[in-house]
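Engineer: What follows is the file input32.txt, containing compact mmCIF, C-alpha atoms:
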# COMPACT_ATOMS: atom_id res chain seq x y z
CA MET S 230 26.83 60.00 61.70
CA ILE S 231 26.73 60.35 57.91
CA HIS S 232 29.35 62.47 56.17
CA THR S 233 28.60 63.73 52.66
CA THR S 234 31.25 65.16 50.41
CA PHE S 235 30.38 66.99 47.16
CA VAL S 236 33.05 66.75 44.51
CA GLY S 237 32.84 69.02 41.46
CA LYS S 238 34.52 71.70 39.43
CA SER S 239 31.96 74.32 40.38
CA LYS S 240 32.88 76.94 42.88
CA ASP S 241 29.39 76.68 44.38
CA PRO S 242 28.13 73.06 44.05
CA ILE S 243 25.45 73.49 46.72
CA GLY S 244 24.18 76.63 44.99
CA GLU S 245 23.96 74.73 41.68
CA ILE S 246 22.08 71.85 43.29
CA LYS S 247 19.66 74.33 44.88
CA HIS S 248 19.20 76.02 41.52
CA ASP S 249 18.40 72.66 39.86
CA VAL S 250 15.97 71.72 42.62
CA ASP S 251 14.22 75.11 42.33
CA LEU S 252 13.88 74.65 38.57
CA TRP S 253 12.58 71.13 39.03
CA GLN S 254 10.05 72.33 41.62
CA THR S 255 8.81 75.05 39.27
CA GLU S 256 8.38 72.49 36.48
CA ILE S 257 6.54 70.08 38.77
CA LYS S 258 4.25 72.88 40.03
CA LYS S 259 3.46 73.82 36.42
CA GLU S 260 2.65 70.18 35.59
CA ILE S 261 0.45 69.82 38.67
CA ASP S 262 -1.45 73.03 37.82
CA ILE S 263 -2.12 71.69 34.31
CA LEU S 264 -3.28 68.45 35.91
CA GLY S 265 -5.98 70.40 37.80
CA GLU S 266 -7.80 71.30 34.58
CA ALA S 267 -7.35 67.77 33.26
CA THR S 268 -8.77 66.30 36.48
CA ALA S 269 -11.91 68.43 36.26
CA GLN S 270 -12.34 67.36 32.64
CA ASN S 271 -11.77 63.71 33.53
CA MET S 272 -14.49 63.91 36.18
CA LYS S 273 -16.90 65.53 33.72
CA ASP S 274 -16.13 62.82 31.16
CA ALA S 275 -16.81 60.11 33.76
CA ILE S 276 -20.21 61.70 34.50
CA ILE S 277 -21.16 62.07 30.83
CA ALA S 278 -20.04 58.52 30.00
CA ASN S 279 -22.43 57.15 32.61
CA LYS S 280 -25.54 58.98 31.47
CA LYS S 281 -28.22 56.65 30.17
CA ARG S 282 -30.56 59.13 28.56
CA PRO S 283 -30.08 62.04 26.14
CA GLN S 284 -29.91 65.50 27.68
CA SER S 285 -30.15 67.77 24.66
CA ASN S 286 -31.45 71.31 25.25
CA GLU S 287 -31.10 70.91 29.01
CA ILE S 288 -28.55 72.40 31.34
CA ALA S 289 -26.15 69.73 32.59
CA LEU S 290 -26.12 70.94 36.20
CA LEU S 291 -23.81 68.28 37.60
CA GLU S 292 -20.99 68.64 35.04
CA ASN S 293 -21.31 72.41 35.00
CA THR S 294 -20.70 72.50 38.75
CA ILE S 295 -17.44 70.54 38.46
CA ASP S 296 -14.56 72.94 38.06
CA VAL S 297 -11.04 73.45 39.38
CA GLU S 298 -10.25 75.99 42.08
CA TYR S 299 -6.62 77.04 42.60
CA PHE S 300 -5.18 77.83 46.02
CA GLU S 301 -1.75 79.06 47.04
CA ASN S 302 -0.40 75.55 47.44
CA GLY S 303 -2.55 73.48 45.14
CA TRP S 304 -6.01 73.05 43.73
CA GLY S 305 -9.30 71.27 44.30
CA VAL S 306 -11.95 69.83 42.02
CA GLY S 307 -15.67 69.52 42.78
CA ASP S 308 -16.70 71.89 45.57
CA ILE S 309 -19.12 69.91 47.77
CA GLY S 310 -20.86 73.11 48.88
CA LYS S 311 -21.65 74.06 45.28
CA LEU S 312 -22.68 70.51 44.43
CA LYS S 313 -25.13 70.43 47.32
CA VAL S 314 -26.82 73.56 45.97
CA ASN S 315 -26.64 73.01 42.19
CA ALA S 316 -26.80 69.22 41.91
CA PRO S 317 -27.86 67.68 45.24
CA TRP S 318 -28.26 64.28 43.54
CA TRP S 319 -24.49 63.99 43.06
CA ALA S 320 -24.18 61.49 45.93
CA ALA S 321 -26.95 59.20 44.62
CA PHE S 322 -25.38 59.37 41.15
CA ASN S 323 -21.90 58.60 42.48
CA PHE S 324 -22.64 55.96 45.12
CA GLY S 325 -25.85 54.54 43.65
CA SER S 326 -29.05 54.37 45.65
CA SER S 327 -32.33 52.55 45.86
CA HIS S 328 -34.06 55.29 47.83
CA MET S 329 -36.53 55.98 45.02
CA VAL S 330 -37.46 52.35 44.23
CA GLY S 331 -41.18 51.73 44.65
CA LYS S 332 -41.98 55.42 44.93
CA HIS S 333 -44.02 57.59 42.59
CA LEU S 334 -42.33 60.49 40.85
CA PRO S 335 -44.39 63.69 40.77
CA GLN S 336 -46.67 64.27 37.79
CA GLY S 337 -44.79 64.85 34.56
CA THR S 338 -44.45 63.89 30.95
CA PHE S 339 -42.10 61.68 28.95
CA GLN S 340 -40.57 63.41 25.93
CA PRO S 341 -40.07 62.50 23.20
CA GLY S 342 -42.44 59.56 23.47
CA VAL S 343 -45.59 58.46 25.22
CA PRO S 344 -46.42 57.84 28.89
CA ASN S 345 -45.32 54.49 30.28
CA PRO S 346 -42.48 54.13 27.76
CA THR S 347 -40.98 50.75 26.96
CA ASN S 348 -37.41 49.94 27.95
CA GLU S 349 -36.33 50.81 24.42
CA ASP S 350 -38.14 54.18 24.48
CA PHE S 351 -36.53 54.99 27.80
CA ARG S 352 -33.12 55.34 26.17
CA GLY S 353 -34.51 57.86 23.66
CA GLY S 354 -36.20 60.35 25.95
CA ARG S 355 -36.55 61.72 29.45
CA TRP S 356 -39.25 62.16 32.03
CA LYS S 357 -39.77 65.81 32.92
CA LYS S 358 -41.63 67.23 35.86
CA ASP S 359 -44.74 69.02 34.59
CA LYS S 360 -47.48 69.67 37.10
CA TYR S 361 -49.87 71.60 34.86
CA GLY S 362 -49.24 70.06 31.44
CA SER S 363 -47.38 73.10 30.12
CA LEU S 364 -44.95 70.89 28.16
CA GLY S 365 -47.81 69.57 26.07
CA GLY S 366 -47.36 65.83 26.68
CA ALA S 367 -49.72 63.40 28.38
CA LEU S 368 -49.24 63.60 32.14
CA TYR S 369 -48.50 60.61 34.33
CA SER S 370 -46.75 59.75 37.58
CA PRO S 371 -44.32 56.88 37.05
CA ILE S 372 -43.20 54.41 39.72
CA VAL S 373 -39.44 53.92 39.99
CA LYS S 374 -38.63 50.24 39.48
CA LYS S 375 -34.84 50.09 39.41
CA PRO S 376 -32.19 51.52 41.77
CA ILE S 377 -29.87 54.27 40.56
CA PRO S 378 -26.67 52.40 39.63
CA ALA S 379 -23.40 53.61 41.15
CA THR S 380 -21.28 55.54 38.67
CA ASN S 381 -18.37 56.22 41.09
CA PHE S 382 -17.17 59.17 39.02
CA ILE S 383 -15.23 60.43 42.06
CA GLU S 384 -13.39 57.15 42.76
CA LYS S 385 -12.61 56.73 39.05
CA THR S 386 -11.13 60.22 38.91
CA ILE S 387 -8.99 59.60 42.01
CA PHE S 388 -7.73 56.38 40.42
CA TRP S 389 -6.88 58.25 37.21
CA LEU S 390 -5.19 61.04 39.18
CA ASN S 391 -3.07 58.61 41.19
CA ALA S 392 -1.79 57.12 37.93
CA LYS S 393 -0.91 60.63 36.68
CA PHE S 394 0.94 61.45 39.91
CA ALA S 395 2.87 58.19 39.55
CA GLU S 396 3.89 59.30 36.04
CA LEU S 397 5.04 62.67 37.38
CA ARG S 398 7.14 60.97 40.02
CA GLY S 399 8.72 58.97 37.21
CA MET P 172 -15.68 26.61 26.24
CA GLY P 173 -15.01 30.20 27.26
CA PHE P 174 -12.81 31.90 29.77
CA TYR P 175 -12.75 35.08 31.77
CA ARG P 176 -10.32 37.88 30.91
CA VAL P 177 -8.11 39.45 33.55
CA SER P 178 -10.58 41.98 35.02
CA ARG P 179 -13.30 39.37 35.53
CA ASN P 180 -10.74 36.92 36.92
CA ILE P 181 -9.70 39.56 39.46
CA GLU P 182 -13.33 40.27 40.36
CA ALA P 183 -14.26 36.59 40.69
CA SER P 184 -11.08 35.76 42.64
CA LEU P 185 -11.74 38.55 45.13
CA ILE P 186 -15.37 37.47 45.58
CA ALA P 187 -14.28 33.86 46.16
CA TYR P 188 -11.63 34.93 48.67
CA ILE P 189 -13.94 37.24 50.63
CA LYS P 190 -16.63 34.53 50.76
CA LEU P 191 -14.06 32.01 51.98
CA ARG P 192 -12.76 34.29 54.72
CA PHE P 193 -16.27 35.09 55.96
CA THR P 194 -16.98 31.35 56.17
CA GLU P 195 -13.67 30.57 57.89
CA GLU P 196 -14.19 33.34 60.43
CA ARG P 197 -17.81 32.19 60.97
CA TRP P 198 -19.61 35.36 60.02
CA ASN P 199 -23.35 34.84 59.60
CA ASN P 200 -25.88 36.57 57.38
CA ILE P 201 -23.36 38.06 54.95
CA GLU P 202 -23.79 37.75 51.19
CA VAL P 203 -21.06 38.60 48.69
CA VAL P 204 -22.24 39.51 45.20
CA LYS P 205 -20.80 41.18 42.13
CA SER P 206 -23.78 43.10 40.84
CA PHE P 207 -25.17 46.25 42.38
CA ALA P 208 -28.64 45.19 41.25
CA GLU P 209 -28.47 41.98 43.31
CA VAL P 210 -28.25 44.03 46.51
CA GLU P 211 -31.81 45.31 46.15
CA ASP P 212 -33.15 41.76 45.65
CA LEU P 213 -31.26 40.40 48.65
CA PHE P 214 -32.47 43.17 50.95
CA ASN P 215 -36.02 42.67 49.75
CA LYS P 216 -35.77 38.97 50.66
CA ASN P 217 -34.12 39.50 54.04
CA SER P 218 -33.33 42.93 55.43
CA SER P 219 -31.19 41.44 58.24
CA THR P 220 -28.57 40.20 55.76
CA ALA P 221 -25.56 42.42 55.11
CA VAL P 222 -24.38 42.51 51.51
CA ILE P 223 -20.92 43.10 50.05
CA ALA P 224 -20.85 44.03 46.35
CA VAL P 225 -17.49 43.65 44.57
CA ARG P 226 -17.05 45.33 41.17
CA ALA P 227 -13.98 45.62 38.98
CA SER P 228 -14.01 49.16 37.61
CA ASP P 229 -11.25 50.98 35.70
CA THR P 230 -7.90 49.70 34.47
CA ASN P 231 -4.64 51.58 34.06
CA ARG P 232 -2.02 50.03 31.78
CA LYS P 233 1.49 51.41 31.82
CA THR P 234 4.15 50.41 29.32
CA ILE P 235 7.21 48.99 31.04
CA GLU P 236 9.61 51.00 28.87
CA ILE P 237 9.59 53.38 25.90
CA GLY P 238 8.94 51.51 22.65
CA SER P 239 7.62 48.39 24.35
CA ASN P 240 4.11 46.98 23.98
CA SER P 241 4.37 45.15 27.27
CA VAL P 242 2.39 46.70 30.09
CA THR P 243 1.80 46.43 33.79
CA ARG P 244 -1.80 46.64 34.92
CA ALA P 245 -3.39 48.41 37.86
CA GLU P 246 -7.08 47.75 38.42
CA LEU P 247 -9.57 49.73 40.47
CA VAL P 248 -11.96 47.48 42.40
CA LEU P 249 -14.90 48.96 44.29
CA ILE P 250 -16.32 47.14 47.29
CA ASP P 251 -19.68 48.40 48.53
CA VAL P 252 -20.62 47.42 52.06
CA PHE P 253 -24.35 47.41 52.81
CA ALA P 254 -24.54 46.73 56.54
CA THR P 255 -27.55 46.39 58.79
CA SER P 256 -26.24 48.63 61.58
CA ASP P 257 -23.52 51.23 62.11
CA GLY P 258 -21.52 48.88 64.34
CA GLN P 259 -21.66 46.08 61.81
CA ARG P 260 -20.59 48.51 59.08
CA LEU P 261 -17.43 49.41 60.98
CA ASP P 262 -16.67 45.77 61.83
CA LEU P 263 -17.10 44.68 58.22
CA VAL P 264 -14.88 47.47 56.89
CA ASP P 265 -12.12 46.67 59.40
CA PHE P 266 -12.38 42.96 58.68
CA LEU P 267 -12.20 43.44 54.92
CA GLY P 268 -9.29 45.88 55.24
CA ASP P 269 -7.35 43.44 57.44
CA GLU P 270 -8.03 40.48 55.16
CA LEU P 271 -7.37 42.20 51.86
CA LYS P 272 -4.11 43.93 52.73
CA TYR P 273 -2.24 40.63 52.32
CA GLY P 274 -3.65 40.06 48.83
CA CYS P 275 -5.29 36.82 47.74
CA PRO P 276 -4.94 33.99 45.21
CA TYR P 277 -5.56 34.93 41.56
CA PHE P 278 -7.60 32.36 39.66
CA GLU P 279 -8.21 32.00 35.94
CA TYR P 280 -11.78 30.88 35.31
CA GLN P 281 -13.16 28.71 32.53
CA THR P 282 -16.83 28.75 31.64
CA GLU P 283 -19.36 26.83 29.61
CA LYS P 284 -22.76 28.32 28.75
CA SER P 285 -22.05 31.23 31.13
CA GLU P 286 -21.43 28.82 34.04
CA ILE P 287 -18.02 28.51 35.68
CA THR P 288 -16.69 24.99 35.07
CA SER P 289 -13.18 25.22 36.52
CA ARG P 290 -10.54 27.56 37.87
CA ILE P 291 -6.77 27.36 38.06
CA GLN P 292 -4.61 29.46 40.39
CA ASN P 293 -2.03 31.51 38.52
CA GLY P 294 -0.29 33.82 40.98
CA ARG P 295 -1.62 36.26 43.53
CA ILE P 296 -3.52 39.53 43.53
CA ARG P 297 -1.48 42.26 45.20
CA ILE P 298 -3.24 45.10 46.92
CA ASN P 299 -1.43 48.37 46.22
CA ASN P 300 -3.79 50.73 47.98
CA ILE P 301 -6.92 50.59 50.15
CA GLU P 302 -9.14 53.60 50.83
CA ASP P 303 -12.51 53.62 52.49
CA LYS P 304 -15.19 56.13 53.33
CA PRO P 305 -18.75 56.03 54.65
CA VAL P 306 -21.42 56.75 52.06
CA ASN P 307 -23.31 59.84 53.12
CA PHE P 308 -26.27 61.02 51.08
CA GLY P 309 -26.56 64.18 53.14
CA THR P 310 -30.05 63.31 54.37
CA ASP P 311 -31.48 61.97 57.60
CA LYS P 312 -30.76 58.23 57.77
CA SER P 313 -34.32 57.45 58.84
CA ALA P 314 -35.51 58.84 55.50
CA LEU P 315 -33.37 56.33 53.58
CA ASP P 316 -34.23 52.76 52.63
CA VAL P 317 -32.70 50.16 54.92
CA GLN P 318 -30.01 49.15 52.41
CA ASP P 319 -28.82 52.76 52.00
CA ARG P 320 -28.62 53.55 55.72
CA TYR P 321 -25.36 51.90 56.76
CA ARG P 322 -23.20 51.95 53.67
CA HIS P 323 -19.45 52.18 53.21
CA LEU P 324 -17.33 52.20 50.09
CA ILE P 325 -13.90 50.56 49.96
CA SER P 326 -11.76 51.41 46.91
CA ILE P 327 -8.79 49.15 46.31
CA THR P 328 -6.12 49.30 43.65
CA VAL P 329 -4.76 45.88 42.74
CA SER P 330 -2.08 44.47 40.48
CA LEU P 331 -0.90 41.01 39.54
CA GLY P 332 2.82 41.78 39.67
CA LYS P 333 3.14 40.53 36.11
CA VAL P 334 4.06 42.05 32.79
CA GLU P 335 1.37 41.56 30.12
CA ALA P 336 2.92 41.01 26.71
Could you rewrite the structure in this file as structure tokens?

Structural biologist:
Amino acid sequence: MIHTTFVGKSKDPIGEIKHDVDLWQTEIKKEIDILGEATAQNMKDAIIANKKRPQSNEIALLENTIDVEYFENGWGVGDIGKLKVNAPWWAAFNFGSSHMVGKHLPQGTFQPGVPNPTNEDFRGGRWKKDKYGSLGGALYSPIVKKPIPATNFIEKTIFWLNAKFAELRG
Amino acid sequence: MGFYRVSRNIEASLIAYIKLRFTEERWNNIEVVKSFAEVEDLFNKNSSTAVIAVRASDTNRKTIEIGSNSVTRAELVLIDVFATSDGQRLDLVDFLGDELKYGCPYFEYQTEKSEITSRIQNGRIRINNIEDKPVNFGTDKSALDVQDRYRHLISITVSLGKVEA
């Protein structure tokens, strides 16, 4: 059996300890709540950092779907249900995939640039689906040659978050 | 003469160790590579070969005390398992988990014209954390290419147990 004796000048040492623990818990909860926003931002940054082509004037569906949701006892980042609807390619982008290699994309146009862009041109523009030529560019149906590389934005965020939790624990 | 920095040393040491353990335990038809792009080529050559891709990813450096420039390093290493069946996927993940939990030798590599010329052991890689999960693209497996059908991702956090000045 372990006997513990508290020695102090306070009339209510247990009450003071409880008070300190409550304060500490409130502080930790505040820090963890702040970390929720930072985690969502970190995940967005990891996605943006891994993009190969410019995305100006287009809605960034994947990043826009990443947000933090608070619950009574915590928070979550990246609702899978929302991702499946708004950005169903999240898994291929995170884990990498060769499922498109050797396949034709539907008819579209490469902008800015010309059809069949060189490797250099590829970094300057994007292929856009365009069945009827409404975007004004020359239409073509490219064949995918390379697999989608894994970006692992989820694993990178978990790694970052673990380091932050370690800091909080001191 | 060149040499690898710490992250590449960790990556190369882990690849060497995993290859060695597969050979010692007499696994057949398993390739261990470091580039994701090599997986596609290997599957195109022989779709009955399982492939393990090992990639050093992010690094976290933490100062050992306030005011010091010395840091301890934690490194995220991602191990992609591309199996040829569901059973093999589970066996490979269990095997890798069992082998890696004890850590492995850490080698420092020297190179010449991008080729490794020598390596010297300088401590051990410690495994701080292992997590794994099956890769699920949310589609019917029969619709996926063979290399994407039976995939698993192992994330490990490693350290060298050393202070970097």

Engineer: Identify every residue of chain P that has at least one atom within 8 Å of any atom of chain S, counting all atoms listed in the file, and report the result as a PDB file with C-alpha atoms, keeping the file's coordinate frame.

Structural biologist:
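The result, written out as out-v7.pdb:
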ATOM      1  CA  PHE P 207     -25.170  46.250  42.380  1.00  0.00           C
ATOM      2  CA  ALA P 208     -28.640  45.190  41.250  1.00  0.00           C
ATOM      3  CA  GLU P 211     -31.810  45.310  46.150  1.00  0.00           C
ATOM      4  CA  SER P 228     -14.010  49.160  37.610  1.00  0.00           C
ATOM      5  CA  ASP P 229     -11.250  50.980  35.700  1.00  0.00           C
ATOM      6  CA  ASN P 231      -4.640  51.580  34.060  1.00  0.00           C
ATOM      7  CA  LEU P 247      -9.570  49.730  40.470  1.00  0.00           C
ATOM      8  CA  VAL P 306     -21.420  56.750  52.060  1.00  0.00           C
ATOM      9  CA  ASN P 307     -23.310  59.840  53.120  1.00  0.00           C
ATOM     10  CA  PHE P 308     -26.270  61.020  51.080  1.00  0.00           C
ATOM     11  CA  LEU P 315     -33.370  56.330  53.580  1.00  0.00           C
ATOM     12  CA  ASP P 316     -34.230  52.760  52.630  1.00  0.00           C
ATOM     13  CA  GLN P 318     -30.010  49.150  52.410  1.00  0.00           C
ATOM     14  CA  ASP P 319     -28.820  52.760  52.000  1.00  0.00           C
ATOM     15  CA  SER P 326     -11.760  51.410  46.910  1.00  0.00           C
ATOM     16  CA  THR P 328      -6.120  49.300  43.650  1.00  0.00           C
TER      17      THR P 328
END

Engineer: Separation of CA of Glu270 in chain P and CA of Asp257 in chain P, in Å?

Structural biologist: 20.1 Å

Engineer: Can you tell me, as a list in words, what residues are no more than 12 Å from Gly305 in chain S when counting all atoms listed in the file, ignoring any on the same chain fewer than 5 positions away?

Structural biologist: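 The neighbour list is Ile261, Asp262, Leu264, Gly265, Glu266, Ala267, Thr268, Ala269, Ile295, Asp296, Val297, Glu298, Tyr299, Phe300 and Ile387 of chain S.
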
Engineer: Which residue is closest to Glu260 in chain S? Choose from S:Ala316, S:Gly307, S:Phe394, S:Ile243 and count only C-alpha atoms.

Structural biologist: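 Selected residue with least distance to Glu260 in chain S: S:Phe394.
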
Engineer: Could you please determine the separation between CA of Thr255 in chain P and CA of Ala221 in chain P in Å, to one decimal place?

Structural biologist: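 Spanning CA of Thr255 in chain P to CA of Ala221 in chain P is a straight-line distance of 5.8 Å.
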
Engineer: When you draw a straight line from CA of Ser206 in chain P to CA of Leu312 in chain S, how long is it in Å?

Structural biologist: 27.7 Å

Engineer: Between P:Glu195, P:Glu302, P:Asp262, P:Glu246, which has the minimum distance to Ala227 in chain P (counting all atoms listed in the file)?

Structural biologist: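 Among P:Glu195, P:Glu302, P:Asp262, P:Glu246, it is P:Glu246 that comes nearest to Ala227 in chain P.
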
Engineer: Could you pull range 221-247 of chain P out of the structure I just pasted and write it to a file containing N, CA and C atoms, as a PDB file, in the first residue's frame?

Structural biologist:
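Contents of selection.pdb, freshly written:
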ATOM      1  N   ALA P 221       6.086  -8.656 -55.780  1.00  0.00           N
ATOM      2  CA  ALA P 221       5.639  -7.618 -54.843  1.00  0.00           C
ATOM      3  C   ALA P 221       6.745  -6.566 -54.717  1.00  0.00           C
ATOM      4  N   VAL P 222       6.351  -5.345 -54.493  1.00  0.00           N
ATOM      5  CA  VAL P 222       7.347  -4.260 -54.408  1.00  0.00           C
ATOM      6  C   VAL P 222       7.153  -3.481 -53.112  1.00  0.00           C
ATOM      7  N   ILE P 223       8.275  -3.168 -52.469  1.00  0.00           N
ATOM      8  CA  ILE P 223       8.262  -2.335 -51.264  1.00  0.00           C
ATOM      9  C   ILE P 223       9.013  -1.052 -51.630  1.00  0.00           C
ATOM     10  N   ALA P 224       8.358   0.087 -51.485  1.00  0.00           N
ATOM     11  CA  ALA P 224       9.009   1.375 -51.778  1.00  0.00           C
ATOM     12  C   ALA P 224       9.247   2.119 -50.462  1.00  0.00           C
ATOM     13  N   VAL P 225      10.501   2.476 -50.221  1.00  0.00           N
ATOM     14  CA  VAL P 225      10.886   3.132 -48.957  1.00  0.00           C
ATOM     15  C   VAL P 225      11.308   4.568 -49.262  1.00  0.00           C
ATOM     16  N   ARG P 226      10.624   5.530 -48.645  1.00  0.00           N
ATOM     17  CA  ARG P 226      10.940   6.945 -48.927  1.00  0.00           C
ATOM     18  C   ARG P 226      11.076   7.735 -47.646  1.00  0.00           C
ATOM     19  N   ALA P 227      12.204   8.409 -47.474  1.00  0.00           N
ATOM     20  CA  ALA P 227      12.330   9.353 -46.358  1.00  0.00           C
ATOM     21  C   ALA P 227      11.483  10.571 -46.718  1.00  0.00           C
ATOM     22  N   SER P 228      10.687  11.044 -45.763  1.00  0.00           N
ATOM     23  CA  SER P 228       9.789  12.158 -46.065  1.00  0.00           C
ATOM     24  C   SER P 228      10.167  13.396 -45.259  1.00  0.00           C
ATOM     25  N   ASP P 229       9.439  13.706 -44.213  1.00  0.00           N
ATOM     26  CA  ASP P 229       9.654  14.960 -43.480  1.00  0.00           C
ATOM     27  C   ASP P 229      10.596  14.761 -42.290  1.00  0.00           C
ATOM     28  N   THR P 230      11.188  15.868 -41.856  1.00  0.00           N
ATOM     29  CA  THR P 230      12.085  15.831 -40.704  1.00  0.00           C
ATOM     30  C   THR P 230      11.610  16.830 -39.664  1.00  0.00           C
ATOM     31  N   ASN P 231      11.673  16.439 -38.414  1.00  0.00           N
ATOM     32  CA  ASN P 231      11.387  17.381 -37.328  1.00  0.00           C
ATOM     33  C   ASN P 231      12.641  17.515 -36.470  1.00  0.00           C
ATOM     34  N   ARG P 232      13.134  18.738 -36.343  1.00  0.00           N
ATOM     35  CA  ARG P 232      14.323  18.977 -35.516  1.00  0.00           C
ATOM     36  C   ARG P 232      13.901  19.763 -34.279  1.00  0.00           C
ATOM     37  N   LYS P 233      14.323  19.278 -33.129  1.00  0.00           N
ATOM     38  CA  LYS P 233      13.936  19.936 -31.880  1.00  0.00           C
ATOM     39  C   LYS P 233      15.207  20.308 -31.121  1.00  0.00           C
ATOM     40  N   THR P 234      15.295  21.574 -30.731  1.00  0.00           N
ATOM     41  CA  THR P 234      16.491  21.983 -29.987  1.00  0.00           C
ATOM     42  C   THR P 234      16.496  21.287 -28.625  1.00  0.00           C
ATOM     43  N   ILE P 235      17.692  20.922 -28.167  1.00  0.00           N
ATOM     44  CA  ILE P 235      17.748  20.141 -26.930  1.00  0.00           C
ATOM     45  C   ILE P 235      17.503  21.013 -25.700  1.00  0.00           C
ATOM     46  N   GLU P 236      17.783  22.323 -25.822  1.00  0.00           N
ATOM     47  CA  GLU P 236      17.469  23.229 -24.708  1.00  0.00           C
ATOM     48  C   GLU P 236      17.397  24.653 -25.243  1.00  0.00           C
ATOM     49  N   ILE P 237      16.771  25.528 -24.493  1.00  0.00           N
ATOM     50  CA  ILE P 237      16.620  26.927 -24.923  1.00  0.00           C
ATOM     51  C   ILE P 237      17.996  27.559 -25.095  1.00  0.00           C
ATOM     52  N   GLY P 238      18.189  28.218 -26.258  1.00  0.00           N
ATOM     53  CA  GLY P 238      19.453  28.897 -26.512  1.00  0.00           C
ATOM     54  C   GLY P 238      20.491  28.023 -27.189  1.00  0.00           C
ATOM     55  N   SER P 239      20.191  26.748 -27.353  1.00  0.00           N
ATOM     56  CA  SER P 239      21.164  25.844 -27.975  1.00  0.00           C
ATOM     57  C   SER P 239      20.867  25.668 -29.458  1.00  0.00           C
ATOM     58  N   ASN P 240      21.911  25.470 -30.245  1.00  0.00           N
ATOM     59  CA  ASN P 240      21.720  25.168 -31.668  1.00  0.00           C
ATOM     60  C   ASN P 240      21.732  23.663 -31.927  1.00  0.00           C
ATOM     61  N   SER P 241      21.989  22.902 -30.906  1.00  0.00           N
ATOM     62  CA  SER P 241      22.016  21.450 -31.071  1.00  0.00           C
ATOM     63  C   SER P 241      20.587  20.918 -31.100  1.00  0.00           C
ATOM     64  N   VAL P 242      20.367  19.957 -31.981  1.00  0.00           N
ATOM     65  CA  VAL P 242      19.004  19.446 -32.159  1.00  0.00           C
ATOM     66  C   VAL P 242      18.985  17.920 -32.125  1.00  0.00           C
ATOM     67  N   THR P 243      17.798  17.396 -31.806  1.00  0.00           N
ATOM     68  CA  THR P 243      17.559  15.976 -32.032  1.00  0.00           C
ATOM     69  C   THR P 243      16.621  15.873 -33.229  1.00  0.00           C
ATOM     70  N   ARG P 244      16.781  14.819 -33.991  1.00  0.00           N
ATOM     71  CA  ARG P 244      16.042  14.687 -35.246  1.00  0.00           C
ATOM     72  C   ARG P 244      15.045  13.539 -35.166  1.00  0.00           C
ATOM     73  N   ALA P 245      13.844  13.794 -35.668  1.00  0.00           N
ATOM     74  CA  ALA P 245      12.884  12.714 -35.891  1.00  0.00           C
ATOM     75  C   ALA P 245      12.536  12.743 -37.374  1.00  0.00           C
ATOM     76  N   GLU P 246      12.547  11.604 -37.993  1.00  0.00           N
ATOM     77  CA  GLU P 246      12.344  11.536 -39.446  1.00  0.00           C
ATOM     78  C   GLU P 246      11.136  10.654 -39.755  1.00  0.00           C
ATOM     79  N   LEU P 247      10.285  11.148 -40.652  1.00  0.00           N
ATOM     80  CA  LEU P 247       9.156  10.342 -41.115  1.00  0.00           C
ATOM     81  C   LEU P 247       9.599   9.537 -42.333  1.00  0.00           C
TER      82      LEU P 247
END
